[in-house]
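Asker: Before we start, here is the structure in question, set down as structure tokens.
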Amino acid sequence: MSERFQVADRVYQAGDLVGVLTTEPLGRVLDYRAPEGGCGDGDFVEVPLGPRRVLGVVWGPAVGGWDPAKVRPIGRVLDARPMRAELRAFLAKAADYTLTPLPSMLRLATRAPGLGEPASMRRVYRLAGAVPNTLTEARHRVVEALREFRGAPVTIGELAEAAECGASVVKGLVKLGVVVEEDAPRDAPYPRLRADVGMRLVGDQVEAGDALVADVARGGYAATLLKGVTGSGKTEVYLEAVAECLRSRKQALVLLPEIALTAEFLTRVEARFGAKPAEWHSGVTMTERRRLWRMVSEGGAELVVGARSALFLPFQDLGLIVVDEEHDTSYKQEDGVLYNARDMAVLRAAIAGCPVVLASATPSLETWANVEAGKYRRLDLGSRFGAAEMPEMRAIDMRSERLPSDRWISETLAAKVSAVVGRGEQALLFLNRRGFAPVTLCRACGHGVEGRMAAVGPGVERLAEEVAARFPEARVAVLSSDLFGSARALKEKIAEISGGGADIIIGTQIVAKGHNFPLLTLVGVIDADLGLQGSDLRAAERTFQLMRQVAGRAGRTAERKGEAWLQTHQPEHPVIRAILGGDEEAFWRAEAGERKAAGVPPYGRMAGIILSSTDVAEVFDFGGELARRCDPLKRIGAEVWGPAPAPIARVRGRHRVRLLVKAEKGAPLQAALAEWLAQFKLPRDLRLAVDIDPQSFL
Ligand code: ADP
């Protein structure tokens with residue numbers, strides 16, 4: 001751990017007063033007496049709290065302020081590796097940064113069941129081998145579920161739930177000999193990974209790979225932006241750094257934005273390292289969560305591939321963090337504890353003293369600015385690996401297409417689609433839709449003026465109807481996150497499309513996330529203008545990233561060169577021009593200039609305050625009160641905007657109101673916010689959330 005963040009590990013004798021942080025929503029660390037046999041900082045403990053026993057971690061010496069005679073003893077020290085000083089320091093820093101109470105941070109770090117229970121055997125199930133093809137529907141679902149679990153230990157309850165059947169169906173399969181029932185240790189280590197064989201890096205991959213490998217070998221904090229178009233070999237390069245990490249007997253963490261992506265990724269890791277890594281996300285069973293949590297803390301897991309909450313795992317010796325697709329907005333947790341996993345990954349790496357790699361084809365402006373400021377190193381991968389090229393990108397000027405207001409596909413685009421489908425290739429029609437209120441544009445001039453207004457941005461359903469009417473022979477697949485209840489259904493659909501199961505794909509942002517469709521050679525962006533408008537400060541950036549990524553979906557293979565067509569009413573808009581011209585640096589410089597001038601992130605700081613209540617008058621009154629009594633904010637030169645109704649004004653019967661605080665870059669924003677909010681007592685029904693560095697303004 002780097003010295004800046006040093007936290008001592010003290011040892012306490014039986015009867016000593018110690019401070020314990022629990023996962024209960026209490027304002028402070030509570031004092032207890034060390035139990036028989038003593039305890040140490042970081043020990044996981046069970047402590048009495050009122051009539052209950054709750055989970056906690058020994059956080060340091062007692063806080064005091066109580067009658068020492070009344071302090072109760074710790075119930076017991078749990079049989080788990082103590083939380084390391086590095087993780088405690090990380091939780092404390094992250095809590096300070098996000099203005100989150102420490103108990104909520106501790107909950108993020110203890111999201112595995114039965115942490116205190118000793119390792120034991122449990123009955124688990126796996127496929128025996130050959131599967132007869134005469135199984136009943138329910139039995140077939142069990143087999144499918146077992147395949148999904150990919151050999152991870154699964155209990156009968158978990159299996160029955162995943163297959164939506166009764167336990168008797170599983171038992172029936174055991175009798176048939178299709179499924180094996182066996183006792184397995186609850187916390188088996190993950191198979192060891194083989195770090196010796198990789199692909200031979202070529203071109204600028206070599207230099208990038210060497211630099212990252214050297215960072216890992218040296219140890220210590222270093223932040224790198226690994227930038228390169230889709231297919232340029234970023235994954236291949238950072239897997240080299242992972243390999244070096246394994247060779248140094250340290251642990252690596254790779255964060256991915258989407259569960260839907262992990263299957264493809266895991267297969268690739270398996271091919272590279274000879275076994276699957278440990279997997280951590282919301283789709284993982286409780287049994288597997290506990291195993292992973294324990295193995296990470298005991299060194300029985302070398303590589304974790306996970307969603308953002310994997311950042312809070314108790315690594316024993318973290319040697320590398322990779323944040324893939326670092327610009328992805330899903331890294332921002334928008335529920336509960338509001339944190340940005342990309343930024344927290346950098347913080348954890350700084351505290352753990354290990355390198356962090358942020359990989360992207362289209363980095364966030366925040367990361368770009370950190371490179372400009374000399375805080376991050378930048379490694380560029382140039383052309384795509386092999387012969388595949390970036391598709392050609394062109395604008396379709398919608399002002400001259402004269403489409404009726406109920407149609408979205410221009411004649412120009414329709415002709416392209418027909419040609420591609422006629423050749424047996426795939427076309428993707430992309431809707432740049434985020435659920436914002438539709439932007440209204442004048443169809444004649446492309447600007448928001450009176451007269452001839454048309455709502456831009458149809459829904460997926462309307463576009464699908466138009467496609468069906470125009471291309472009656474084509475097989476159409478719709479890919480949109482809100483159409484799929486489960487990650488599994490989405491994965492299946494993606495696999496089906498990759499295999500050629502559709503001619504025309506209609507997709508929203510979900511398709512811009514790195515799926516590989518080999519037959520796809522045409523991308524038509526239906527509404528390239530939408531993201532350029534509105535109050536979201538990152539709208540231009542997102543539009544830029546999305547367009548480039550979605551265009552990058554086309555023509556990933558060497559034989560087929562792709563093309564991308566952007567339907568726009570503003571072909572001369574600087575963002576559209578930068579996308580088409582491929583002049584990325586020009587785009588970033590222009591966008592950075594605009595944000596600097598406006599004093600907004602990353603050149604200024606912001607915090608959102610979201611209030612909600614069932615009582616509409618109360619929520620506005622309280623918001624008004626917050627805005628009036630804001631001296632602590634004024635003292636640091638910050639401005640307060642609002643209260644204003646949130647764009648999503650009601651959620652589950654609660655009225656939502658927002659305030660926005662804006663400060664200069666160096667201002668001590670968190671301290672001022674804390675002092676400001678401490679002046680108020682919240683009405684009972686009112687909820688207040690602070691969103692530091694907001695991404696969403698909904
Ligand atoms: P990115 O992460 O930038 O999208 P990938 O690492 O996924 O790029 O590389 C794209 C494809 O090219 C993958 O199929 C990968 O296996 C292959 N590839 C990349 N670099 C090499 C290499 N040096 N040798 C062989 N294949 C490579």
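Starting from 1 in every chain, residues are counted up; chains themselves are A, B, ... following the order of the structure tokens, and ligands are numbered from 1 as listed.
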Within 6 Å of ligand 1, counting only C-alpha atoms and all ligand atoms: which residues, as a list of chain:residue names?
Answerer: A:Met199, A:Arg200, A:Leu201, A:Val202, A:Gly228, A:Val229, A:Thr230, A:Gly231, A:Ser232, A:Gly233, A:Lys234, A:Thr235, A:Glu236, A:Phe385
Asker: Go ahead and write the residues just picked, C-alpha atoms, as a short mmCIF file (atom, residue, chain, number, x, y, z; two decimals), in the first residue's frame.
Answerer:
```
data_model
loop_
_atom_site.label_atom_id
_atom_site.label_comp_id
_atom_site.auth_asym_id
_atom_site.auth_seq_id
_atom_site.Cartn_x
_atom_site.Cartn_y
_atom_site.Cartn_z
CA MET A 199 -0.33 -14.33 -28.98
CA ARG A 200 2.64 -12.66 -30.54
CA LEU A 201 1.97 -8.98 -30.36
CA VAL A 202 2.61 -7.05 -33.54
CA GLY A 228 -7.29 2.00 -30.01
CA VAL A 229 -10.20 1.35 -32.31
CA THR A 230 -12.27 -1.79 -31.85
CA GLY A 231 -10.24 -4.72 -33.07
CA SER A 232 -6.87 -3.02 -32.66
CA GLY A 233 -5.85 -5.54 -30.00
CA LYS A 234 -6.43 -3.68 -26.72
CA THR A 235 -7.70 -6.82 -25.04
CA GLU A 236 -4.76 -8.83 -26.33
CA PHE A 385 -5.30 -5.95 -36.27
#
```
Asker: Residues of stretch 33-202 of chain A in alpha helix (DSSP H) according to DSSP, as JSON, numbers by chain?
Answerer: {"A": [85, 86, 87, 88, 89, 90, 91, 92, 93, 94, 95, 96, 97, 98, 102, 103, 104, 105, 106, 107, 108, 137, 138, 139, 140, 141, 142, 143, 144, 145, 146, 147, 148, 149, 156, 157, 158, 159, 160, 161, 162, 163, 167, 168, 169, 170, 171, 172, 173, 174, 175, 176]}
Asker: Hey, what's within 8 Å of A:Arg687 if we count only C-alpha atoms and toss same-chain stuff fewer than 2 positions away? As a PyMOL selection string, please?
Answerer: chain A and resi 610-613+682+685+689
Asker: Go ahead and save the residues from that selection, with C-alpha atoms, as a PDB file, in the first residue's frame.
Answerer:
```
ATOM      1  CA  ILE A 610     -31.949  14.552  -5.625  1.00  0.00           C
ATOM      2  CA  LEU A 611     -34.887  14.971  -3.280  1.00  0.00           C
ATOM      3  CA  SER A 612     -37.975  12.816  -3.306  1.00  0.00           C
ATOM      4  CA  SER A 613     -41.160  12.638  -1.293  1.00  0.00           C
ATOM      5  CA  LEU A 682     -34.902  15.881   6.848  1.00  0.00           C
ATOM      6  CA  ASP A 685     -40.894  11.104   4.318  1.00  0.00           C
ATOM      7  CA  ALA A 689     -29.269  11.621  -2.312  1.00  0.00           C
TER       8      ALA A 689
END
```
Asker: Could you tell me how far atom CA of A:Glu541 sits from atom CA of A:Thr508, in Å to one decimal place?
Answerer: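 Interatomic distance, atom CA of A:Thr508 to atom CA of A:Glu541: 16.9 Å.
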Asker: Tell me, as a compact mmCIF listing (two decimals) with all heavy atoms, in the first residue's frame, which residues lie within 6 Å of stretch 8-13 of chain A, counting only C-alpha atoms; anything in the same chain fewer than 2 positions away does not count.
Answerer:
```
# COMPACT_ATOMS: atom_id res chain seq x y z
N ASP A 16 -9.80 -4.89 25.91
CA ASP A 16 -9.47 -3.56 25.38
C ASP A 16 -10.70 -2.96 24.69
O ASP A 16 -11.52 -3.68 24.12
CB ASP A 16 -8.36 -3.66 24.32
CG ASP A 16 -6.99 -3.86 24.93
OD1 ASP A 16 -6.90 -3.86 26.18
OD2 ASP A 16 -6.02 -4.05 24.16
N GLY A 38 -8.50 -11.81 22.31
CA GLY A 38 -8.14 -10.55 21.65
C GLY A 38 -8.63 -10.47 20.21
O GLY A 38 -9.34 -11.37 19.73
N CYS A 39 -8.27 -9.40 19.53
CA CYS A 39 -8.63 -9.23 18.12
C CYS A 39 -7.69 -8.19 17.51
O CYS A 39 -6.84 -7.64 18.20
CB CYS A 39 -10.09 -8.79 17.97
SG CYS A 39 -10.47 -7.20 18.72
N GLY A 40 -7.82 -7.98 16.23
CA GLY A 40 -6.93 -7.03 15.55
C GLY A 40 -7.71 -6.17 14.56
O GLY A 40 -8.84 -6.52 14.18
N ASP A 41 -7.12 -5.08 14.13
CA ASP A 41 -7.75 -4.24 13.12
C ASP A 41 -8.06 -5.07 11.89
O ASP A 41 -7.23 -5.86 11.44
CB ASP A 41 -6.81 -3.09 12.73
CG ASP A 41 -6.82 -1.97 13.76
OD1 ASP A 41 -7.76 -1.94 14.58
OD2 ASP A 41 -5.88 -1.15 13.74
```
Asker: If you count only C-alpha atoms, which residues fall within 9 Å of A:Lys227, apart from same-chain ones fewer than 5 positions away, as a ChimeraX atom specification?
Answerer: /A:232,234,358-363,378-382
Asker: Just all heavy atoms for this one: save the residues we selected as a PDB file, in the first residue's frame.
Answerer:
```pdb
ATOM      1  N   SER A 232      -8.290  -3.366 -32.527  1.00  0.00           N
ATOM      2  CA  SER A 232      -6.866  -3.021 -32.662  1.00  0.00           C
ATOM      3  C   SER A 232      -5.992  -3.870 -31.741  1.00  0.00           C
ATOM      4  O   SER A 232      -4.771  -3.812 -31.835  1.00  0.00           O
ATOM      5  CB  SER A 232      -6.645  -1.534 -32.364  1.00  0.00           C
ATOM      6  OG  SER A 232      -7.072  -1.221 -31.060  1.00  0.00           O
ATOM      7  N   LYS A 234      -6.534  -4.168 -28.104  1.00  0.00           N
ATOM      8  CA  LYS A 234      -6.429  -3.676 -26.722  1.00  0.00           C
ATOM      9  C   LYS A 234      -6.523  -4.824 -25.721  1.00  0.00           C
ATOM     10  O   LYS A 234      -5.736  -4.918 -24.785  1.00  0.00           O
ATOM     11  CB  LYS A 234      -7.552  -2.663 -26.410  1.00  0.00           C
ATOM     12  CG  LYS A 234      -7.481  -1.394 -27.209  1.00  0.00           C
ATOM     13  CD  LYS A 234      -8.574  -0.428 -26.794  1.00  0.00           C
ATOM     14  CE  LYS A 234      -9.984  -0.911 -27.083  1.00  0.00           C
ATOM     15  NZ  LYS A 234     -10.281  -1.137 -28.504  1.00  0.00           N
ATOM     16  N   LEU A 358      -6.952   1.882 -18.302  1.00  0.00           N
ATOM     17  CA  LEU A 358      -8.275   2.245 -18.788  1.00  0.00           C
ATOM     18  C   LEU A 358      -8.271   2.045 -20.295  1.00  0.00           C
ATOM     19  O   LEU A 358      -7.514   2.710 -21.005  1.00  0.00           O
ATOM     20  CB  LEU A 358      -8.595   3.710 -18.446  1.00  0.00           C
ATOM     21  CG  LEU A 358      -8.381   4.138 -16.993  1.00  0.00           C
ATOM     22  CD1 LEU A 358      -8.720   5.616 -16.814  1.00  0.00           C
ATOM     23  CD2 LEU A 358      -9.214   3.298 -16.041  1.00  0.00           C
ATOM     24  N   ALA A 359      -9.075   1.093 -20.775  1.00  0.00           N
ATOM     25  CA  ALA A 359      -9.052   0.771 -22.198  1.00  0.00           C
ATOM     26  C   ALA A 359     -10.301   1.299 -22.880  1.00  0.00           C
ATOM     27  O   ALA A 359     -11.399   1.196 -22.332  1.00  0.00           O
ATOM     28  CB  ALA A 359      -8.958  -0.740 -22.392  1.00  0.00           C
ATOM     29  N   SER A 360     -10.138   1.883 -24.050  1.00  0.00           N
ATOM     30  CA  SER A 360     -11.298   2.373 -24.787  1.00  0.00           C
ATOM     31  C   SER A 360     -10.921   2.736 -26.216  1.00  0.00           C
ATOM     32  O   SER A 360      -9.793   3.126 -26.493  1.00  0.00           O
ATOM     33  CB  SER A 360     -11.870   3.608 -24.090  1.00  0.00           C
ATOM     34  OG  SER A 360     -12.945   4.135 -24.837  1.00  0.00           O
ATOM     35  N   ALA A 361     -11.918   2.624 -27.099  1.00  0.00           N
ATOM     36  CA  ALA A 361     -11.742   3.153 -28.441  1.00  0.00           C
ATOM     37  C   ALA A 361     -12.117   4.633 -28.440  1.00  0.00           C
ATOM     38  O   ALA A 361     -11.676   5.397 -29.286  1.00  0.00           O
ATOM     39  CB  ALA A 361     -12.634   2.396 -29.421  1.00  0.00           C
ATOM     40  N   THR A 362     -12.945   5.008 -27.493  1.00  0.00           N
ATOM     41  CA  THR A 362     -13.489   6.366 -27.435  1.00  0.00           C
ATOM     42  C   THR A 362     -13.490   6.834 -25.990  1.00  0.00           C
ATOM     43  O   THR A 362     -14.518   6.809 -25.338  1.00  0.00           O
ATOM     44  CB  THR A 362     -14.939   6.362 -27.950  1.00  0.00           C
ATOM     45  OG1 THR A 362     -15.667   5.381 -27.192  1.00  0.00           O
ATOM     46  CG2 THR A 362     -15.040   6.048 -29.416  1.00  0.00           C
ATOM     47  N   PRO A 363     -12.330   7.226 -25.468  1.00  0.00           N
ATOM     48  CA  PRO A 363     -12.244   7.551 -24.041  1.00  0.00           C
ATOM     49  C   PRO A 363     -13.190   8.677 -23.633  1.00  0.00           C
ATOM     50  O   PRO A 363     -13.595   9.481 -24.463  1.00  0.00           O
ATOM     51  CB  PRO A 363     -10.799   8.011 -23.862  1.00  0.00           C
ATOM     52  CG  PRO A 363     -10.102   7.780 -25.132  1.00  0.00           C
ATOM     53  CD  PRO A 363     -11.084   7.467 -26.189  1.00  0.00           C
ATOM     54  N   ARG A 378      -0.595   7.743 -22.002  1.00  0.00           N
ATOM     55  CA  ARG A 378      -1.466   7.285 -23.075  1.00  0.00           C
ATOM     56  C   ARG A 378      -0.704   6.366 -24.014  1.00  0.00           C
ATOM     57  O   ARG A 378       0.378   6.694 -24.479  1.00  0.00           O
ATOM     58  CB  ARG A 378      -1.993   8.495 -23.842  1.00  0.00           C
ATOM     59  CG  ARG A 378      -2.685   8.139 -25.139  1.00  0.00           C
ATOM     60  CD  ARG A 378      -3.388   9.347 -25.696  1.00  0.00           C
ATOM     61  NE  ARG A 378      -3.781   9.113 -27.077  1.00  0.00           N
ATOM     62  CZ  ARG A 378      -4.474   9.964 -27.811  1.00  0.00           C
ATOM     63  NH1 ARG A 378      -4.854  11.119 -27.285  1.00  0.00           N
ATOM     64  NH2 ARG A 378      -4.791   9.684 -29.046  1.00  0.00           N
ATOM     65  N   LEU A 379      -1.270   5.194 -24.276  1.00  0.00           N
ATOM     66  CA  LEU A 379      -0.696   4.275 -25.258  1.00  0.00           C
ATOM     67  C   LEU A 379      -1.716   4.106 -26.373  1.00  0.00           C
ATOM     68  O   LEU A 379      -2.874   3.815 -26.108  1.00  0.00           O
ATOM     69  CB  LEU A 379      -0.401   2.916 -24.610  1.00  0.00           C
ATOM     70  CG  LEU A 379       0.636   2.896 -23.473  1.00  0.00           C
ATOM     71  CD1 LEU A 379       0.652   1.525 -22.807  1.00  0.00           C
ATOM     72  CD2 LEU A 379       2.019   3.255 -24.002  1.00  0.00           C
ATOM     73  N   ASP A 380      -1.275   4.292 -27.588  1.00  0.00           N
ATOM     74  CA  ASP A 380      -2.184   4.209 -28.728  1.00  0.00           C
ATOM     75  C   ASP A 380      -1.934   2.962 -29.556  1.00  0.00           C
ATOM     76  O   ASP A 380      -0.794   2.642 -29.863  1.00  0.00           O
ATOM     77  CB  ASP A 380      -1.969   5.416 -29.647  1.00  0.00           C
ATOM     78  CG  ASP A 380      -2.763   6.609 -29.169  1.00  0.00           C
ATOM     79  OD1 ASP A 380      -3.957   6.688 -29.508  1.00  0.00           O
ATOM     80  OD2 ASP A 380      -2.182   7.434 -28.443  1.00  0.00           O
ATOM     81  N   LEU A 381      -3.006   2.297 -29.916  1.00  0.00           N
ATOM     82  CA  LEU A 381      -2.895   1.213 -30.891  1.00  0.00           C
ATOM     83  C   LEU A 381      -3.501   1.742 -32.176  1.00  0.00           C
ATOM     84  O   LEU A 381      -4.646   2.198 -32.178  1.00  0.00           O
ATOM     85  CB  LEU A 381      -3.643  -0.031 -30.421  1.00  0.00           C
ATOM     86  CG  LEU A 381      -3.154  -0.646 -29.107  1.00  0.00           C
ATOM     87  CD1 LEU A 381      -3.947  -1.902 -28.793  1.00  0.00           C
ATOM     88  CD2 LEU A 381      -1.673  -0.957 -29.168  1.00  0.00           C
ATOM     89  N   GLY A 382      -2.739   1.669 -33.232  1.00  0.00           N
ATOM     90  CA  GLY A 382      -3.174   2.323 -34.467  1.00  0.00           C
ATOM     91  C   GLY A 382      -4.232   1.552 -35.208  1.00  0.00           C
ATOM     92  O   GLY A 382      -5.370   1.427 -34.765  1.00  0.00           O
TER      93      GLY A 382
END
```
Asker: Between A:Arg399, A:Val284, A:Asp196, A:Val45, which is the closest to A:Arg150 once you count only C-alpha atoms?
Answerer: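 Counting only C-alpha atoms, the residue closest to A:Arg150 is A:Val284.
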Asker: Using Å and a single decimal, report how far atom CA of A:Val575 sits from atom CA of A:Asp691.
Answerer: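 It comes out at 28.1 Å.
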Asker: Measuring atom to atom with only C-alpha atoms, identify which of A:Ala184, A:Pro355, A:Ala592, A:Arg290 is nearest to A:Arg218.
Answerer: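 Nearest to A:Arg218: A:Pro355.
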Asker: Using only C-alpha atoms, determine which residues lie at most 12 Å from A:Glu117, disregarding the query and same-chain residues fewer than 3 positions distant; provide the list as an mmCIF file with C-alpha atoms, in the first residue's frame.
Answerer:
```cif
data_model
loop_
_atom_site.group_PDB
_atom_site.id
_atom_site.type_symbol
_atom_site.label_atom_id
_atom_site.label_comp_id
_atom_site.auth_asym_id
_atom_site.auth_seq_id
_atom_site.Cartn_x
_atom_site.Cartn_y
_atom_site.Cartn_z
ATOM 1 C CA PHE A 44 -14.516 -9.539 10.803
ATOM 2 C CA VAL A 45 -16.625 -9.791 13.942
ATOM 3 C CA GLU A 46 -20.146 -10.401 15.109
ATOM 4 C CA ARG A 76 -16.961 -13.504 18.225
ATOM 5 C CA VAL A 77 -14.227 -13.052 15.690
ATOM 6 C CA LEU A 78 -15.295 -14.671 12.421
ATOM 7 C CA ASP A 79 -13.308 -17.294 10.608
ATOM 8 C CA ALA A 80 -12.363 -15.078 7.661
ATOM 9 C CA ALA A 112 -21.326 -12.600 0.052
ATOM 10 C CA PRO A 113 -23.393 -14.859 2.273
ATOM 11 C CA GLY A 114 -22.165 -16.794 5.291
ATOM 12 C CA SER A 120 -17.841 -27.043 4.856
ATOM 13 C CA MET A 121 -18.903 -29.554 2.283
ATOM 14 C CA ARG A 186 -17.742 -25.030 -0.312
ATOM 15 C CA ASP A 187 -14.765 -22.843 -1.107
ATOM 16 C CA ARG A 290 -19.158 -16.849 -1.182
ATOM 17 C CA ARG A 291 -16.530 -19.065 -2.798
ATOM 18 C CA ARG A 294 -13.222 -16.232 0.242
#
```
